[in-house]
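One structure below.
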Amino acid sequence: MTTQQTLITSPNLPHHDDVYEVLINAHAGLSDQQSSQLNAKLILVLANHIGCKDILSEAIALAAAKA
Amino acid sequence: MSFDGIPVYKEKTYKKSGELSGAVAKKHDFIVVGSGPIGLAAALAMARKGHEVIIVTAFDFVPAGSKGICYSKEALDIFDQLGVGERIVDKGVIWNVGKVFWGESTDPVYQFDMLPVKDQKNPGFVNIQQYYVEDYLVDALEQMDNVDIRWGHKVSGIDARDDGATLTITTRDGDYLLETDYVIACDGSKSTVRDLMGLDFEGRIFEDSFLIADVMFKQNRPSERWFWFDPPFNKGRTALLHKQPDDIWRLDFQLGWEVDREQAIKPENVAPFIKGLLGADIEYEEDWMSIYTFQCRRMAKFVHGRVIFAGDAAHQVSPFGARGANSGLPDIQNLAWKLDMILRGQAPQSLLESYNQERTQGADENILNSTRSTDFITPKSEVSTVFRDAVLELAGEHDFARPLVNSGRLSAPTPYHVSALSTADEDEFTQGPKPGHVCVDAPIVLDGKDTWLLDSLGDGFTVLHFGDYPPQPNIKTLILPAKGLASERYGAGTSYLVRPDKIVAARWTEAKPRDIENAYMRAIGKQELTS
């Protein structure tokens, strides 16, 4: 995929409001269980798309960090 | 003082109409219905173009209550063209920065600038009570001898036909009829004209209510928009703080759907919110309290034969983003030059359809943005709350999450991506406003004087050229040097055909007069010249 091997943490998503809306709408009418399932599948799809263990490890660490 | 529960800012004088005193009724070119900011702006725009203007309004006063307080740069540019902009900016509180807080933290998770492009005449936003705006517009109208504001004259019937309309007007002295070619209906979200014509108004209702507490206190705080998600003084909900002139501050609290409006507005129930936000020892006076709910919706069409709808009568949004009056004013900016040219016989009546095409697009963009903001601010499901809180948590630490924080996407000009009046680019452009977009401002020097590009465009069509070799079409041309900030913003050597509403109709890197004249014909709804 990308040649960059570090996680991008600056804004990099054009049309972010469109994307956010699609994401929320995908969950409409789902139970909590179904929503978790959707999120899990989505992460796996995106992980495959990113295709880089280092970037994914960095992303997982970022998401897991306590604020 | 109040009238039917509506507080009064300034009384106006009802006068018995001439029609009821035996004067011969004549047919008018158009009637403006409504004396809110949009109706008054419509009247002023048309009056300044030399037309005889009648406004009918059920009120015989300018209502009090701060109501819509945020006026965008685009709105201020329009007020400038109406001759009231500087008075509004002088009185108002200028702000460009918005801050978003989450939970207990006093550090913002996100901050934005409403005027990313500097060196423009008007600021990103000005806060001012709506009654000042209305009062200034009324002042300007009262100075004109071609304006007749009929205070206390209520529309109670309409016979809308293909060739015009007959309005029934109800007054304390009786009813009379007004014959008119066109009606400009700016009579607000509960539009009487819309109801009388039985027209649709479809959209989404949001089940939430909000408390506005406008209070007066003296404290040095920055002129910024502060927004809280889940603050300690309104757990699980939101709050907003805005500065207004006269040491008045707008405080806005989400209350939830199940709320006893009469109870919620009582001073003893409002106080905990105010003290929670401002501190327990704050001394304040109540100025205006109100509970509001909202809907996001619009009419399917804004033009129904000879009846034209504008402002809240045609479209309504949630208040997050200040897209109410700020989208009604561009309606008028769009409509006024078209109706003017139609009434003068310079453009075909079909030009009105472009008002519908362009402004319904504007309304859709505003509804989309305000709906998304509302969904972010008041999530409708558990998972939506989880995502919202994840965004807020990440935004504190990481740049990438900050643009996702949606506390209201504040009103910005809505481009006309599709317009029968625009001519698509044939030349390559790397900068400058595209066809269908509003012109960007810049400081310029004209005849040795410092001024602003937008102020120099005038009230008609203008060709803007940046360089020494202007094309010479049969249209007023403003020539600016190829060097300088304005040229950097538009491109050296380029030419733009700008509409009276300051929207780009067409642009060229090497313009030929013939192309400009063709683009002009298209922009006024006429057939192009045959080559």
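Every chain in the structure tokens has a letter given in the order shown (A, B, ...), and although residue numbers restart at 1 in each chain, ligands are simply numbered from 1 in the order shown.
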
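Every chain A residue lying within 6 Å of chain B, based on only C-alpha atoms, is listed here: Thr9, Ser10 and Pro11 of chain A.
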
*In stretch 35-241 of chain B, what's strand (DSSP E) per DSSP? Answer as a ChimeraX atom specification?*
/B:53-57,61-63,70-72,93-95,97-102,110-113,125-127,147-151,154-161,164-171,174-185,202-216,225-229,238-241

Go ahead and save the picked residues with C-alpha atoms, as a PDB file, in the first residue's frame.
ATOM      1  CA  VAL B  53     -41.684  48.465  -2.057  1.00  0.00           C
ATOM      2  CA  ILE B  54     -44.561  47.456   0.204  1.00  0.00           C
ATOM      3  CA  ILE B  55     -43.928  45.266   3.251  1.00  0.00           C
ATOM      4  CA  VAL B  56     -46.897  43.765   5.055  1.00  0.00           C
ATOM      5  CA  THR B  57     -46.323  42.469   8.559  1.00  0.00           C
ATOM      6  CA  PHE B  61     -43.299  46.534  16.523  1.00  0.00           C
ATOM      7  CA  VAL B  62     -39.761  45.224  16.311  1.00  0.00           C
ATOM      8  CA  PRO B  63     -39.759  42.229  18.670  1.00  0.00           C
ATOM      9  CA  CYS B  70     -24.456  35.109  15.034  1.00  0.00           C
ATOM     10  CA  TYR B  71     -23.957  36.783  11.669  1.00  0.00           C
ATOM     11  CA  SER B  72     -21.447  35.240   9.289  1.00  0.00           C
ATOM     12  CA  VAL B  93     -18.911  41.649  19.015  1.00  0.00           C
ATOM     13  CA  ILE B  94     -16.349  40.317  16.548  1.00  0.00           C
ATOM     14  CA  TRP B  95     -15.197  36.748  16.972  1.00  0.00           C
ATOM     15  CA  VAL B  97     -12.206  31.600  17.301  1.00  0.00           C
ATOM     16  CA  GLY B  98     -14.303  28.737  18.613  1.00  0.00           C
ATOM     17  CA  LYS B  99     -13.224  26.381  21.410  1.00  0.00           C
ATOM     18  CA  VAL B 100     -14.643  22.992  22.315  1.00  0.00           C
ATOM     19  CA  PHE B 101     -14.408  21.518  25.821  1.00  0.00           C
ATOM     20  CA  TRP B 102     -15.194  18.036  27.046  1.00  0.00           C
ATOM     21  CA  TYR B 110     -10.370  21.405  19.798  1.00  0.00           C
ATOM     22  CA  GLN B 111     -10.234  24.966  18.548  1.00  0.00           C
ATOM     23  CA  PHE B 112     -11.089  26.479  15.164  1.00  0.00           C
ATOM     24  CA  ASP B 113     -10.721  29.754  13.286  1.00  0.00           C
ATOM     25  CA  PHE B 125     -18.483  36.299  12.661  1.00  0.00           C
ATOM     26  CA  VAL B 126     -20.185  39.125  14.513  1.00  0.00           C
ATOM     27  CA  ASN B 127     -22.552  38.533  17.410  1.00  0.00           C
ATOM     28  CA  VAL B 147     -40.786  52.161   0.884  1.00  0.00           C
ATOM     29  CA  ASP B 148     -44.108  51.598   2.646  1.00  0.00           C
ATOM     30  CA  ILE B 149     -43.851  49.365   5.737  1.00  0.00           C
ATOM     31  CA  ARG B 150     -47.379  48.410   6.702  1.00  0.00           C
ATOM     32  CA  TRP B 151     -47.099  47.546  10.412  1.00  0.00           C
ATOM     33  CA  LYS B 154     -51.614  40.697   8.359  1.00  0.00           C
ATOM     34  CA  VAL B 155     -51.941  38.445   5.332  1.00  0.00           C
ATOM     35  CA  SER B 156     -55.092  36.376   5.792  1.00  0.00           C
ATOM     36  CA  GLY B 157     -55.727  35.096   2.296  1.00  0.00           C
ATOM     37  CA  ILE B 158     -53.996  34.534  -1.018  1.00  0.00           C
ATOM     38  CA  ASP B 159     -55.258  33.819  -4.490  1.00  0.00           C
ATOM     39  CA  ALA B 160     -52.096  32.733  -6.314  1.00  0.00           C
ATOM     40  CA  ARG B 161     -52.356  32.615 -10.100  1.00  0.00           C
ATOM     41  CA  GLY B 164     -49.820  37.188 -10.133  1.00  0.00           C
ATOM     42  CA  ALA B 165     -51.586  37.027  -6.812  1.00  0.00           C
ATOM     43  CA  THR B 166     -54.276  38.747  -4.781  1.00  0.00           C
ATOM     44  CA  LEU B 167     -53.501  39.059  -1.084  1.00  0.00           C
ATOM     45  CA  THR B 168     -56.223  39.599   1.480  1.00  0.00           C
ATOM     46  CA  ILE B 169     -54.878  41.862   4.217  1.00  0.00           C
ATOM     47  CA  THR B 170     -56.521  41.997   7.626  1.00  0.00           C
ATOM     48  CA  THR B 171     -56.145  45.091   9.798  1.00  0.00           C
ATOM     49  CA  GLY B 174     -60.965  45.905   8.268  1.00  0.00           C
ATOM     50  CA  ASP B 175     -59.816  43.798   5.339  1.00  0.00           C
ATOM     51  CA  TYR B 176     -58.591  44.954   1.935  1.00  0.00           C
ATOM     52  CA  LEU B 177     -57.026  43.401  -1.146  1.00  0.00           C
ATOM     53  CA  LEU B 178     -53.580  43.884  -2.697  1.00  0.00           C
ATOM     54  CA  GLU B 179     -53.044  42.960  -6.340  1.00  0.00           C
ATOM     55  CA  THR B 180     -49.463  42.058  -7.178  1.00  0.00           C
ATOM     56  CA  ASP B 181     -47.335  40.432  -9.856  1.00  0.00           C
ATOM     57  CA  TYR B 182     -45.047  38.711  -7.339  1.00  0.00           C
ATOM     58  CA  VAL B 183     -45.064  37.837  -3.644  1.00  0.00           C
ATOM     59  CA  ILE B 184     -41.819  37.505  -1.684  1.00  0.00           C
ATOM     60  CA  ALA B 185     -42.832  35.397   1.325  1.00  0.00           C
ATOM     61  CA  GLU B 202     -41.026  18.084   4.989  1.00  0.00           C
ATOM     62  CA  GLY B 203     -38.077  17.084   7.107  1.00  0.00           C
ATOM     63  CA  ARG B 204     -36.769  15.684  10.321  1.00  0.00           C
ATOM     64  CA  ILE B 205     -37.920  16.572  13.828  1.00  0.00           C
ATOM     65  CA  PHE B 206     -35.310  16.307  16.562  1.00  0.00           C
ATOM     66  CA  GLU B 207     -36.582  15.200  19.939  1.00  0.00           C
ATOM     67  CA  ASP B 208     -34.605  17.503  22.160  1.00  0.00           C
ATOM     68  CA  SER B 209     -35.075  20.867  23.770  1.00  0.00           C
ATOM     69  CA  PHE B 210     -32.634  23.585  24.642  1.00  0.00           C
ATOM     70  CA  LEU B 211     -32.696  26.467  27.075  1.00  0.00           C
ATOM     71  CA  ILE B 212     -31.479  29.882  26.031  1.00  0.00           C
ATOM     72  CA  ALA B 213     -30.472  32.013  28.998  1.00  0.00           C
ATOM     73  CA  ASP B 214     -29.333  35.440  27.867  1.00  0.00           C
ATOM     74  CA  VAL B 215     -27.919  37.155  30.923  1.00  0.00           C
ATOM     75  CA  MET B 216     -26.158  40.414  31.674  1.00  0.00           C
ATOM     76  CA  ARG B 225     -17.534  30.658  20.995  1.00  0.00           C
ATOM     77  CA  TRP B 226     -17.173  28.103  23.779  1.00  0.00           C
ATOM     78  CA  PHE B 227     -18.918  24.771  23.487  1.00  0.00           C
ATOM     79  CA  TRP B 228     -19.008  21.980  26.082  1.00  0.00           C
ATOM     80  CA  PHE B 229     -19.716  18.305  25.662  1.00  0.00           C
ATOM     81  CA  THR B 238     -24.093  20.148  26.150  1.00  0.00           C
ATOM     82  CA  ALA B 239     -23.694  23.874  26.724  1.00  0.00           C
ATOM     83  CA  LEU B 240     -22.687  26.911  24.694  1.00  0.00           C
ATOM     84  CA  LEU B 241     -21.420  30.375  25.619  1.00  0.00           C
TER      85      LEU B 241
END

*Shortest interatomic distance to B:Ala486 - which of B:Lys266, B:Arg499, B:Arg250, B:His465, counting only C-alpha atoms*: B:His465

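Our summary of the geometry notes that atom CA of B:Val133 is positioned 12.1 Å from atom CA of B:Leu329.
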
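Distances to A:Gln5 were evaluated for A:Ile43, A:Val19, A:Cys52, A:Leu38 using only C-alpha atoms, and the minimum falls at A:Cys52.
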
_Using Å and a single decimal, report how far atom CA of B:Leu82 sits from atom CA of B:Asp450._
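If I compute the distance from atom CA of B:Asp450 to atom CA of B:Leu82, I get 20.8 Å.
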
List the spatial neighbours of B:Arg522 as a CSV table (one decimal) with C-alpha atoms, in the first residue's frame - criterion: any atom at most 8 Å away, only C-alpha atoms, same-chain residues fewer than 2 positions off excluded.
chain,number,residue,atom,x,y,z
B,420,ALA,CA,-27.9,26.8,-15.2
B,421,LEU,CA,-26.3,30.2,-14.9
B,422,SER,CA,-22.7,29.0,-14.6
B,423,THR,CA,-20.3,28.4,-17.5
B,518,ASN,CA,-22.0,34.5,-24.0
B,519,ALA,CA,-21.4,33.6,-20.4
B,520,TYR,CA,-23.3,36.8,-19.5
B,524,ILE,CA,-29.2,36.1,-17.0
B,525,GLY,CA,-31.1,33.1,-18.3
B,526,LYS,CA,-31.1,34.0,-22.0
B,527,GLN,CA,-30.0,32.0,-25.0
B,528,GLU,CA,-26.3,32.4,-25.9

*Looking only at alpha helix (DSSP H) from DSSP on the backbone, list the matching residues of stretch 364-521 of chain B as an NGL selection string.*
:B and (364-377 or 382-397 or 485-490 or 513-521)

Hey, can you spit out that residue selection with N, CA and C atoms as a short mmCIF file (atom, residue, chain, number, x, y, z; two decimals), in the first residue's frame?
data_model
loop_
_atom_site.label_atom_id
_atom_site.label_comp_id
_atom_site.auth_asym_id
_atom_site.auth_seq_id
_atom_site.Cartn_x
_atom_site.Cartn_y
_atom_site.Cartn_z
N ASP B 364 -30.05 22.48 1.12
CA ASP B 364 -29.68 21.08 1.35
C ASP B 364 -28.34 20.98 2.07
N GLU B 365 -27.40 21.82 1.65
CA GLU B 365 -26.09 21.76 2.30
C GLU B 365 -26.20 22.20 3.76
N ASN B 366 -27.01 23.22 4.01
CA ASN B 366 -27.18 23.69 5.38
C ASN B 366 -27.89 22.65 6.24
N ILE B 367 -28.91 22.02 5.66
CA ILE B 367 -29.64 20.99 6.41
C ILE B 367 -28.72 19.80 6.70
N LEU B 368 -27.93 19.40 5.70
CA LEU B 368 -26.99 18.29 5.89
C LEU B 368 -26.03 18.60 7.03
N ASN B 369 -25.43 19.78 6.99
CA ASN B 369 -24.44 20.14 8.01
C ASN B 369 -25.07 20.26 9.39
N SER B 370 -26.23 20.88 9.44
CA SER B 370 -26.81 21.09 10.77
C SER B 370 -27.37 19.78 11.33
N THR B 371 -27.81 18.87 10.46
CA THR B 371 -28.27 17.56 10.90
C THR B 371 -27.10 16.76 11.46
N ARG B 372 -25.98 16.77 10.75
CA ARG B 372 -24.80 16.04 11.22
C ARG B 372 -24.31 16.58 12.57
N SER B 373 -24.30 17.90 12.69
CA SER B 373 -23.86 18.50 13.95
C SER B 373 -24.77 18.05 15.08
N THR B 374 -26.08 18.07 14.80
CA THR B 374 -27.05 17.68 15.82
C THR B 374 -26.84 16.23 16.21
N ASP B 375 -26.58 15.37 15.24
CA ASP B 375 -26.36 13.95 15.55
C ASP B 375 -25.09 13.75 16.36
N PHE B 376 -24.10 14.59 16.15
CA PHE B 376 -22.86 14.48 16.93
C PHE B 376 -23.08 15.03 18.34
N ILE B 377 -23.79 16.15 18.42
CA ILE B 377 -24.00 16.81 19.70
C ILE B 377 -24.94 16.01 20.59
N GLU B 382 -26.52 4.28 21.42
CA GLU B 382 -25.39 3.98 22.29
C GLU B 382 -24.08 4.00 21.49
N VAL B 383 -24.11 3.34 20.32
CA VAL B 383 -22.87 3.23 19.55
C VAL B 383 -22.45 4.61 19.01
N SER B 384 -23.45 5.43 18.70
CA SER B 384 -23.16 6.79 18.23
C SER B 384 -22.49 7.61 19.35
N THR B 385 -22.93 7.39 20.58
CA THR B 385 -22.30 8.05 21.73
C THR B 385 -20.87 7.54 21.91
N VAL B 386 -20.68 6.25 21.73
CA VAL B 386 -19.34 5.66 21.87
C VAL B 386 -18.37 6.27 20.86
N PHE B 387 -18.80 6.39 19.63
CA PHE B 387 -17.94 7.00 18.60
C PHE B 387 -17.67 8.46 18.92
N ARG B 388 -18.72 9.17 19.33
CA ARG B 388 -18.58 10.60 19.66
C ARG B 388 -17.55 10.78 20.77
N ASP B 389 -17.67 9.98 21.83
CA ASP B 389 -16.75 10.12 22.96
C ASP B 389 -15.33 9.67 22.57
N ALA B 390 -15.24 8.70 21.67
CA ALA B 390 -13.91 8.29 21.19
C ALA B 390 -13.24 9.44 20.44
N VAL B 391 -14.02 10.13 19.62
CA VAL B 391 -13.48 11.29 18.89
C VAL B 391 -12.99 12.34 19.88
N LEU B 392 -13.81 12.63 20.89
CA LEU B 392 -13.45 13.67 21.86
C LEU B 392 -12.21 13.27 22.65
N GLU B 393 -12.12 11.99 23.03
CA GLU B 393 -10.95 11.55 23.79
C GLU B 393 -9.69 11.65 22.93
N LEU B 394 -9.77 11.19 21.69
CA LEU B 394 -8.60 11.24 20.80
C LEU B 394 -8.21 12.67 20.46
N ALA B 395 -9.22 13.56 20.36
CA ALA B 395 -8.94 14.93 19.92
C ALA B 395 -8.06 15.69 20.91
N GLY B 396 -8.13 15.30 22.19
CA GLY B 396 -7.29 15.97 23.18
C GLY B 396 -5.82 15.76 22.90
N GLU B 397 -5.46 14.60 22.36
CA GLU B 397 -4.05 14.22 22.16
C GLU B 397 -3.60 14.30 20.71
N LEU B 485 -2.12 41.01 -3.43
CA LEU B 485 -2.83 39.92 -2.77
C LEU B 485 -4.07 39.48 -3.57
N ALA B 486 -4.81 40.46 -4.12
CA ALA B 486 -6.02 40.11 -4.87
C ALA B 486 -5.66 39.20 -6.04
N SER B 487 -4.66 39.58 -6.78
CA SER B 487 -4.24 38.79 -7.93
C SER B 487 -3.74 37.41 -7.51
N GLU B 488 -3.05 37.36 -6.36
CA GLU B 488 -2.61 36.05 -5.86
C GLU B 488 -3.81 35.16 -5.57
N ARG B 489 -4.90 35.77 -5.10
CA ARG B 489 -6.08 34.97 -4.75
C ARG B 489 -6.88 34.53 -5.98
N TYR B 490 -6.75 35.27 -7.08
CA TYR B 490 -7.56 34.95 -8.27
C TYR B 490 -6.72 34.40 -9.42
N PRO B 513 -13.70 38.64 -25.49
CA PRO B 513 -14.96 39.37 -25.23
C PRO B 513 -16.20 38.55 -25.58
N ARG B 514 -16.13 37.82 -26.68
CA ARG B 514 -17.27 37.03 -27.13
C ARG B 514 -17.65 35.96 -26.08
N ASP B 515 -16.62 35.31 -25.51
CA ASP B 515 -16.89 34.29 -24.49
C ASP B 515 -17.56 34.92 -23.26
N ILE B 516 -17.08 36.09 -22.90
CA ILE B 516 -17.65 36.76 -21.72
C ILE B 516 -19.10 37.13 -21.99
N GLU B 517 -19.36 37.64 -23.18
CA GLU B 517 -20.74 38.04 -23.49
C GLU B 517 -21.67 36.83 -23.55
N ASN B 518 -21.15 35.71 -24.06
CA ASN B 518 -21.95 34.48 -24.04
C ASN B 518 -22.25 34.02 -22.62
N ALA B 519 -21.22 34.07 -21.77
CA ALA B 519 -21.39 33.64 -20.37
C ALA B 519 -22.39 34.57 -19.67
N TYR B 520 -22.35 35.85 -20.04
CA TYR B 520 -23.30 36.81 -19.47
C TYR B 520 -24.74 36.45 -19.86
N MET B 521 -24.93 36.15 -21.13
CA MET B 521 -26.28 35.78 -21.59
C MET B 521 -26.79 34.56 -20.83
#

*asked:* Could you tell me how far atom CA of B:Ile332 sits from atom CA of B:Asp162, in Å to one decimal place?
replied: 22.1 Å

_Proximity to B:Leu410 - best of B:Ala47, B:Met114, B:Val24, B:Ala314, only C-alpha atoms_ = B:Met114

*asked:* With only C-alpha atoms as the counted atoms, please give the residues lying no more than 8 Å from B:Ala482, apart from itself and same-chain residues fewer than 3 positions off, as an MDAnalysis selection string.
replied: chainID B and resid 466:468 487 491:493

*Excluding B:Asp77 and any residue of its chain fewer than 2 positions from it, enumerate the residues within 12 Å of it, using only C-alpha atoms, and give them as a ChimeraX atom specification.*
/B:71-75,79-86,88-89,120-126,326,329-330,333,413,438-441,452-457,501-502

Output N, CA and C atoms of each residue in that selection to a file, as a JSON list (two decimals), in the first residue's frame.
[["chain", "number", "residue", "atom", "x", "y", "z"],
["B", 71, "TYR", "N", -23.89, 36.41, 13.08],
["B", 71, "TYR", "CA", -23.96, 36.78, 11.67],
["B", 71, "TYR", "C", -22.61, 36.51, 11.00],
["B", 72, "SER", "N", -22.67, 35.73, 9.94],
["B", 72, "SER", "CA", -21.45, 35.24, 9.29],
["B", 72, "SER", "C", -20.82, 36.31, 8.41],
["B", 73, "LYS", "N", -19.60, 36.07, 8.01],
["B", 73, "LYS", "CA", -18.91, 36.98, 7.09],
["B", 73, "LYS", "C", -19.75, 37.20, 5.83],
["B", 74, "GLU", "N", -20.32, 36.12, 5.31],
["B", 74, "GLU", "CA", -21.13, 36.27, 4.10],
["B", 74, "GLU", "C", -22.32, 37.19, 4.35],
["B", 75, "ALA", "N", -22.98, 37.02, 5.52],
["B", 75, "ALA", "CA", -24.11, 37.88, 5.87],
["B", 75, "ALA", "C", -23.65, 39.33, 5.98],
["B", 79, "PHE", "N", -24.93, 42.61, 4.12],
["B", 79, "PHE", "CA", -25.35, 43.83, 4.82],
["B", 79, "PHE", "C", -24.58, 45.04, 4.31],
["B", 80, "ASP", "N", -23.29, 44.85, 3.97],
["B", 80, "ASP", "CA", -22.51, 45.95, 3.40],
["B", 80, "ASP", "C", -23.16, 46.44, 2.11],
["B", 81, "GLN", "N", -23.57, 45.49, 1.28],
["B", 81, "GLN", "CA", -24.18, 45.87, 0.01],
["B", 81, "GLN", "C", -25.52, 46.58, 0.23],
["B", 82, "LEU", "N", -26.15, 46.31, 1.38],
["B", 82, "LEU", "CA", -27.41, 46.97, 1.71],
["B", 82, "LEU", "C", -27.18, 48.27, 2.47],
["B", 83, "GLY", "N", -25.91, 48.59, 2.76],
["B", 83, "GLY", "CA", -25.59, 49.86, 3.41],
["B", 83, "GLY", "C", -25.72, 49.85, 4.93],
["B", 84, "VAL", "N", -25.92, 48.68, 5.54],
["B", 84, "VAL", "CA", -26.05, 48.62, 7.00],
["B", 84, "VAL", "C", -24.93, 47.81, 7.66],
["B", 85, "GLY", "N", -24.01, 47.27, 6.86],
["B", 85, "GLY", "CA", -22.99, 46.35, 7.37],
["B", 85, "GLY", "C", -22.09, 46.98, 8.41],
["B", 86, "GLU", "N", -21.63, 48.21, 8.15],
["B", 86, "GLU", "CA", -20.67, 48.81, 9.06],
["B", 86, "GLU", "C", -21.32, 49.11, 10.41],
["B", 88, "ILE", "N", -23.68, 47.41, 11.80],
["B", 88, "ILE", "CA", -23.81, 46.13, 12.51],
["B", 88, "ILE", "C", -22.47, 45.68, 13.08],
["B", 89, "VAL", "N", -21.41, 45.81, 12.28],
["B", 89, "VAL", "CA", -20.09, 45.40, 12.77],
["B", 89, "VAL", "C", -19.64, 46.29, 13.92],
["B", 120, "GLN", "N", -9.38, 40.22, 4.83],
["B", 120, "GLN", "CA", -10.68, 40.47, 4.21],
["B", 120, "GLN", "C", -11.36, 41.54, 5.05],
["B", 121, "LYS", "N", -12.30, 42.28, 4.43],
["B", 121, "LYS", "CA", -12.90, 43.40, 5.15],
["B", 121, "LYS", "C", -13.62, 42.93, 6.41],
["B", 122, "ASN", "N", -14.47, 41.92, 6.26],
["B", 122, "ASN", "CA", -15.31, 41.52, 7.37],
["B", 122, "ASN", "C", -14.72, 40.35, 8.15],
["B", 123, "PRO", "N", -14.99, 40.30, 9.45],
["B", 123, "PRO", "CA", -14.50, 39.20, 10.28],
["B", 123, "PRO", "C", -15.28, 37.92, 10.01],
["B", 124, "GLY", "N", -14.84, 36.83, 10.61],
["B", 124, "GLY", "CA", -15.52, 35.54, 10.44],
["B", 124, "GLY", "C", -16.96, 35.60, 10.91],
["B", 125, "PHE", "N", -17.15, 36.19, 12.09],
["B", 125, "PHE", "CA", -18.48, 36.30, 12.66],
["B", 125, "PHE", "C", -18.62, 37.56, 13.50],
["B", 126, "VAL", "N", -19.85, 38.07, 13.57],
["B", 126, "VAL", "CA", -20.18, 39.12, 14.51],
["B", 126, "VAL", "C", -21.41, 38.65, 15.29],
["B", 326, "ASN", "N", -28.31, 33.37, 8.39],
["B", 326, "ASN", "CA", -27.15, 33.41, 7.50],
["B", 326, "ASN", "C", -27.38, 32.68, 6.19],
["B", 329, "LEU", "N", -30.30, 35.33, 4.24],
["B", 329, "LEU", "CA", -29.77, 36.53, 3.58],
["B", 329, "LEU", "C", -29.22, 36.22, 2.18],
["B", 330, "PRO", "N", -28.47, 35.12, 2.00],
["B", 330, "PRO", "CA", -28.06, 34.78, 0.62],
["B", 330, "PRO", "C", -29.25, 34.46, -0.29],
["B", 333, "GLN", "N", -30.01, 37.88, -1.49],
["B", 333, "GLN", "CA", -28.91, 38.31, -2.36],
["B", 333, "GLN", "C", -29.04, 37.66, -3.74],
["B", 413, "PRO", "N", -20.41, 30.15, 3.05],
["B", 413, "PRO", "CA", -21.17, 30.23, 1.79],
["B", 413, "PRO", "C", -21.36, 28.84, 1.18],
["B", 438, "VAL", "N", -18.76, 32.05, -4.29],
["B", 438, "VAL", "CA", -18.75, 33.48, -3.99],
["B", 438, "VAL", "C", -17.32, 34.01, -4.08],
["B", 439, "CYS", "N", -17.18, 35.26, -4.49],
["B", 439, "CYS", "CA", -15.86, 35.88, -4.61],
["B", 439, "CYS", "C", -15.19, 36.01, -3.25],
["B", 440, "VAL", "N", -13.88, 35.81, -3.24],
["B", 440, "VAL", "CA", -13.11, 36.02, -2.02],
["B", 440, "VAL", "C", -12.70, 37.50, -1.99],
["B", 441, "ASP", "N", -12.66, 38.05, -0.80],
["B", 441, "ASP", "CA", -12.31, 39.47, -0.64],
["B", 441, "ASP", "C", -10.78, 39.64, -0.61],
["B", 452, "TRP", "N", -11.70, 47.69, -0.59],
["B", 452, "TRP", "CA", -11.84, 46.24, -0.60],
["B", 452, "TRP", "C", -12.44, 45.78, -1.92],
["B", 453, "LEU", "N", -12.00, 44.62, -2.33],
["B", 453, "LEU", "CA", -12.46, 44.09, -3.62],
["B", 453, "LEU", "C", -13.98, 43.93, -3.63],
["B", 454, "LEU", "N", -14.55, 43.31, -2.59],
["B", 454, "LEU", "CA", -16.01, 43.08, -2.60],
["B", 454, "LEU", "C", -16.79, 44.39, -2.65],
["B", 455, "ASP", "N", -16.31, 45.41, -1.92],
["B", 455, "ASP", "CA", -16.99, 46.71, -1.93],
["B", 455, "ASP", "C", -16.93, 47.38, -3.30],
["B", 456, "SER", "N", -15.96, 46.98, -4.13],
["B", 456, "SER", "CA", -15.74, 47.66, -5.40],
["B", 456, "SER", "C", -16.47, 47.00, -6.56],
["B", 457, "LEU", "N", -17.17, 45.90, -6.27],
["B", 457, "LEU", "CA", -17.80, 45.17, -7.37],
["B", 457, "LEU", "C", -19.08, 45.83, -7.87],
["B", 501, "ASP", "N", -24.74, 39.17, -7.25],
["B", 501, "ASP", "CA", -24.67, 38.60, -5.90],
["B", 501, "ASP", "C", -23.25, 38.13, -5.57],
["B", 502, "LYS", "N", -22.28, 38.56, -6.39],
["B", 502, "LYS", "CA", -20.85, 38.29, -6.13],
["B", 502, "LYS", "C", -20.50, 36.82, -6.25]]

_Who sits within 12 Å of B:Glu353, only C-alpha atoms, same chain under 6 positions skipped, as a list of chain:residue names_ =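 Listed by chain and then number, they are B:Lys301, B:Phe302, B:Val303, B:His304, B:Gly305, B:Arg306, B:Val307, B:Ile308, B:Asn334, B:Leu335, B:Lys338, B:Leu339, B:Ile342, B:Arg359, B:Thr360, B:Ser419, B:Ala420, B:Leu421, B:Ile524, B:Gly525.
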